[in-house]
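Pasting query_2.tsv here (TSV, C-alpha atoms):
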chain	number	residue	atom	x	y	z
A	155	MET	CA	0.00	0.00	0.00
A	156	LYS	CA	1.34	3.39	-0.97
A	157	SER	CA	1.54	6.19	1.53
A	158	ASP	CA	-0.46	9.35	0.90
A	159	VAL	CA	2.76	11.24	0.23
A	160	GLU	CA	3.85	8.74	-2.41
A	161	ALA	CA	0.36	8.67	-3.94
A	162	ASP	CA	0.44	12.48	-4.17
A	163	TYR	CA	3.82	12.29	-5.91
A	164	VAL	CA	2.57	9.71	-8.43
A	165	ASP	CA	-0.51	11.85	-9.08
A	166	PHE	CA	1.67	14.92	-9.67
A	167	VAL	CA	3.93	13.04	-12.07
A	168	THR	CA	0.97	11.54	-13.92
A	169	HIS	CA	-0.54	14.97	-14.50
A	170	GLN	CA	2.59	17.11	-14.97
A	171	ALA	CA	5.24	14.96	-16.68
A	172	ASN	CA	4.11	15.86	-20.21
A	173	ALA	CA	4.14	19.60	-19.53
A	174	LEU	CA	7.57	19.39	-17.90
A	175	CYS	CA	8.89	17.30	-20.78
A	176	ARG	CA	7.50	19.79	-23.32
A	177	THR	CA	9.35	22.59	-21.54
A	178	ALA	CA	12.56	20.56	-21.59
A	179	TYR	CA	12.07	19.76	-25.29
A	180	LEU	CA	11.58	23.40	-26.19
A	181	LEU	CA	14.81	24.19	-24.36
A	182	CYS	CA	16.94	21.46	-25.93
A	183	GLY	CA	15.17	20.45	-29.17
A	184	ASP	CA	15.65	16.71	-28.61
A	185	TRP	CA	12.88	14.47	-27.22
A	186	LYS	CA	15.26	11.89	-25.71
A	187	ARG	CA	17.29	14.57	-23.94
A	188	ALA	CA	14.05	16.20	-22.80
A	189	GLU	CA	12.76	12.92	-21.41
A	190	ASP	CA	16.10	12.30	-19.69
A	191	ALA	CA	16.11	15.78	-18.14
A	192	THR	CA	12.50	15.38	-17.04
A	193	GLN	CA	13.19	12.00	-15.47
A	194	GLU	CA	16.23	13.42	-13.63
A	195	ALA	CA	14.12	16.36	-12.44
A	196	LEU	CA	11.39	14.02	-11.20
A	197	ILE	CA	13.97	11.97	-9.30
A	198	ARG	CA	15.27	15.15	-7.65
A	199	LEU	CA	11.71	16.19	-6.89
A	200	TYR	CA	10.95	12.83	-5.26
A	201	ARG	CA	13.92	13.21	-2.93
A	202	VAL	CA	12.48	16.42	-1.45
A	203	TRP	CA	8.79	15.77	-2.12
A	204	GLY	CA	7.55	15.97	1.48
A	205	ARG	CA	9.32	19.27	2.18
A	206	ILE	CA	8.32	20.89	-1.10
A	207	GLN	CA	4.74	19.70	-0.80
A	208	ARG	CA	4.44	21.22	2.68
A	209	LYS	CA	5.67	24.55	1.32
A	210	GLY	CA	3.07	24.39	-1.45
A	211	SER	CA	5.57	25.16	-4.19
A	212	VAL	CA	5.61	21.84	-6.02
A	213	GLY	CA	4.88	23.16	-9.53
A	214	ALA	CA	7.38	26.00	-9.33
A	215	TYR	CA	10.09	23.77	-7.89
A	216	ALA	CA	9.49	21.05	-10.51
A	217	ARG	CA	9.71	23.58	-13.34
A	218	LYS	CA	12.89	25.10	-11.90
A	219	VAL	CA	14.51	21.68	-11.59
A	220	VAL	CA	13.54	20.60	-15.12
A	221	VAL	CA	14.88	23.85	-16.57
A	222	SER	CA	18.18	23.63	-14.68
A	223	THR	CA	18.55	19.92	-15.50
A	224	THR	CA	17.91	20.58	-19.20
A	225	LEU	CA	20.30	23.53	-19.35
A	226	ASP	CA	22.95	21.50	-17.50
A	227	GLY	CA	22.51	18.76	-20.09
A	228	LEU	CA	23.05	21.27	-22.89
A	229	ARG	CA	26.36	22.22	-21.32
A	230	ARG	CA	27.35	18.53	-21.36
A	231	LYS	CA	26.59	17.81	-25.01
A	232	SER	CA	29.00	14.88	-24.98
A	233	SER	CA	26.55	12.85	-22.92
A	234	GLN	CA	24.85	10.29	-25.16
A	235	GLU	CA	23.10	8.22	-22.49
A	236	VAL	CA	19.76	6.74	-23.44
A	237	VAL	CA	17.29	6.23	-20.62
A	238	GLY	CA	14.27	3.96	-21.06
A	239	GLY	CA	11.01	3.83	-19.18
A	240	ASP	CA	9.02	6.60	-20.79
A	241	GLY	CA	5.68	5.36	-19.47
A	242	TYR	CA	4.74	8.78	-18.11
A	243	PHE	CA	5.25	10.48	-21.45
A	244	ALA	CA	2.31	10.38	-23.84
A	245	ALA	CA	2.83	8.97	-27.30
A	246	GLU	CA	0.30	11.42	-28.69
A	247	PRO	CA	0.60	15.20	-28.86
A	248	ASP	CA	-0.57	17.22	-25.90
A	249	PRO	CA	-3.91	18.81	-26.96
A	250	ALA	CA	-3.01	21.93	-24.97
A	251	ASN	CA	0.20	22.33	-26.98
A	252	PRO	CA	0.32	25.97	-28.17
A	253	LEU	CA	2.69	25.26	-31.03
A	254	GLY	CA	0.06	24.20	-33.52
A	255	MET	CA	0.75	22.02	-36.53
A	256	LEU	CA	3.76	19.75	-36.89
A	257	GLU	CA	5.39	21.92	-39.55
A	258	ASN	CA	5.18	24.97	-37.33
A	259	ARG	CA	6.59	23.02	-34.40
A	260	ILE	CA	9.64	21.99	-36.38
A	261	VAL	CA	10.29	25.51	-37.65
A	262	ILE	CA	9.78	27.06	-34.23
A	263	THR	CA	11.95	24.46	-32.51
A	264	GLN	CA	14.76	25.05	-35.00
A	265	ALA	CA	14.50	28.82	-34.53
A	266	LEU	CA	14.52	28.43	-30.74
A	267	ALA	CA	17.62	26.23	-30.98
A	268	GLU	CA	19.48	29.10	-32.64
A	269	LEU	CA	18.89	31.41	-29.67
A	270	PRO	CA	21.42	31.64	-26.85
A	271	THR	CA	20.47	29.40	-23.93
A	272	ARG	CA	19.24	32.13	-21.56
A	273	GLN	CA	17.15	33.80	-24.28
A	274	ARG	CA	15.63	30.47	-25.28
A	275	ALA	CA	14.77	29.71	-21.66
A	276	CYS	CA	13.10	33.10	-21.23
A	277	VAL	CA	10.94	32.66	-24.34
A	278	VAL	CA	9.95	29.10	-23.47
A	279	LEU	CA	9.02	29.96	-19.88
A	280	ARG	CA	7.24	33.23	-20.73
A	281	TYR	CA	5.30	32.23	-23.85
A	282	PHE	CA	4.98	28.47	-23.87
A	283	ASP	CA	4.71	27.87	-20.11
A	284	GLU	CA	2.93	31.23	-19.64
A	285	LEU	CA	4.93	32.31	-16.59
A	286	SER	CA	5.11	35.90	-15.46
A	287	VAL	CA	8.36	37.84	-15.57
A	288	ASP	CA	8.81	37.32	-11.81
A	289	GLU	CA	8.07	33.59	-12.03
A	290	THR	CA	10.52	33.21	-14.92
A	291	ALA	CA	13.18	35.10	-12.97
A	292	ALA	CA	12.64	32.77	-10.01
A	293	VAL	CA	13.00	29.67	-12.20
A	294	LEU	CA	16.17	30.98	-13.85
A	295	GLY	CA	17.65	32.45	-10.67
A	296	CYS	CA	18.03	35.93	-12.10
A	297	ARG	CA	16.47	39.38	-11.79
A	298	PRO	CA	13.20	40.33	-13.55
A	299	GLY	CA	15.08	42.96	-15.57
A	300	THR	CA	17.30	40.22	-16.98
A	301	VAL	CA	14.25	38.24	-18.04
A	302	LYS	CA	12.79	41.31	-19.75
A	303	SER	CA	15.97	42.17	-21.64
A	304	GLN	CA	16.72	38.57	-22.64
A	305	THR	CA	13.13	38.06	-23.80
A	306	LEU	CA	13.19	41.28	-25.81
A	307	ARG	CA	16.43	40.28	-27.54
A	308	ALA	CA	15.10	36.80	-28.25
A	309	LEU	CA	11.83	38.07	-29.69
A	310	ASP	CA	13.71	40.52	-31.90
A	311	LYS	CA	15.77	37.62	-33.28
A	312	LEU	CA	12.70	35.43	-33.75
A	313	ARG	CA	10.76	38.18	-35.52
A	314	THR	CA	13.54	38.55	-38.08
A	315	HIS	CA	14.23	34.83	-38.46
A	316	PRO	CA	13.68	33.96	-42.15
A	317	ALA	CA	11.99	30.61	-41.47
A	318	LEU	CA	9.48	32.22	-39.13
A	319	ALA	CA	8.47	35.01	-41.50
A	320	GLU	CA	5.46	33.05	-42.76
A	321	LEU	CA	4.15	32.00	-39.35
A	322	SER	CA	1.44	34.33	-38.16
A	323	ASP	CA	1.45	32.76	-34.66
A	324	LEU	CA	4.59	34.67	-33.70
A	325	ALA	CA	3.21	38.03	-34.72
A	326	GLY	CA	1.56	38.46	-31.33
A	327	LEU	CA	4.54	37.41	-29.19
A	328	GLY	CA	5.65	40.20	-26.96
A	329	GLY	CA	3.64	42.73	-28.89
With the file now loaded, output its structure as structure tokens.
Amino acid sequence: MKSDVEADYVDFVTHQANALCRTAYLLCGDWKRAEDATQEALIRLYRVWGRIQRKGSVGAYARKVVVSTTLDGLRRKSSQEVVGGDGYFAAEPDPANPLGMLENRIVITQALAELPTRQRACVVLRYFDELSVDETAAVLGCRPGTVKSQTLRALDKLRTHPALAELSDLAGLGG
């Protein structure tokens, strides 16, 4: 029989793993790396679950851990480990996915991959995860002004990216 704490953790993972993995994917552009980073983040989350749950900051902590784990993985590009056990990750697209059609997703993902890491993280957290400037700053461990300037620079680059010129979805970003 599972304890209530463990049952709460399993429920959280069941309902949040796809969103966390999507965030990781948008940061790194590789589903396997995203799944690996998400799994590592969920392991870290499990280790401190009781304490984080009592504070009531589970979602924010999980997002912060998945972002830092993904960005750490990008710094270690030589790692080619493949981790199995993707039972928590849906084989079908998330219906709440704001990216739209497959073609748009590929183009957007490629454009995001060309941004510097911090700018990419700001755009993903602000526009795909719909975090506020303050929430994004907390996840990235920086000041709100840094989030604003990095987001502005990233959006300027995305607006002038040749492959994104035909996508009307980006016209409203940051406008």
Original post:
Around (6.8, 35.5, -16.8) in the file's own coordinates, what residues are found within 12 Å if you use all atoms listed in the file, given back as number ranges by chain?
Top reply: A: 275-294, 297-302, 304-305, 328
Original post:
How many Å lie between atom CA of Arg217 of chain A and atom CA of Cys296 of chain A, rounded to one decimal?
Top reply: 14.9 Å
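Take the candidates A:Lys218, A:Arg208, A:Lys311, A:Arg259 and check each one against Tyr179 of chain A using all atoms listed in the file; the shortest distance goes to A:Arg259.
Take atom CA of Ser222 of chain A and atom CA of Leu266 of chain A: the distance between them is 17.2 Å.
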**OP:** Please indicate the distance in Å from atom CA of Asp184 of chain A to atom CA of Ala214 of chain A, rounded to one decimal place.
**Re:** 22.9 Å
Original post:
At a cut-off of 10 Å from (3.2, 17.9, -10.7) in the coordinates of the file, what residues are picked up using only C-alpha atoms, written as a list in words?
Top reply: Asp162, Tyr163, Val164, Asp165, Phe166, Val167, Thr168, His169, Gln170, Ala171, Asn172, Ala173, Leu174, Leu196, Leu199, Val212, Gly213, Ala214, Tyr215, Ala216 and Arg217 of chain A
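When only C-alpha atoms are used to measure the gap to Arg274 of chain A, the shortest distance among A:Ile197, A:Leu181, A:Val221, A:Cys175 belongs to A:Leu181.
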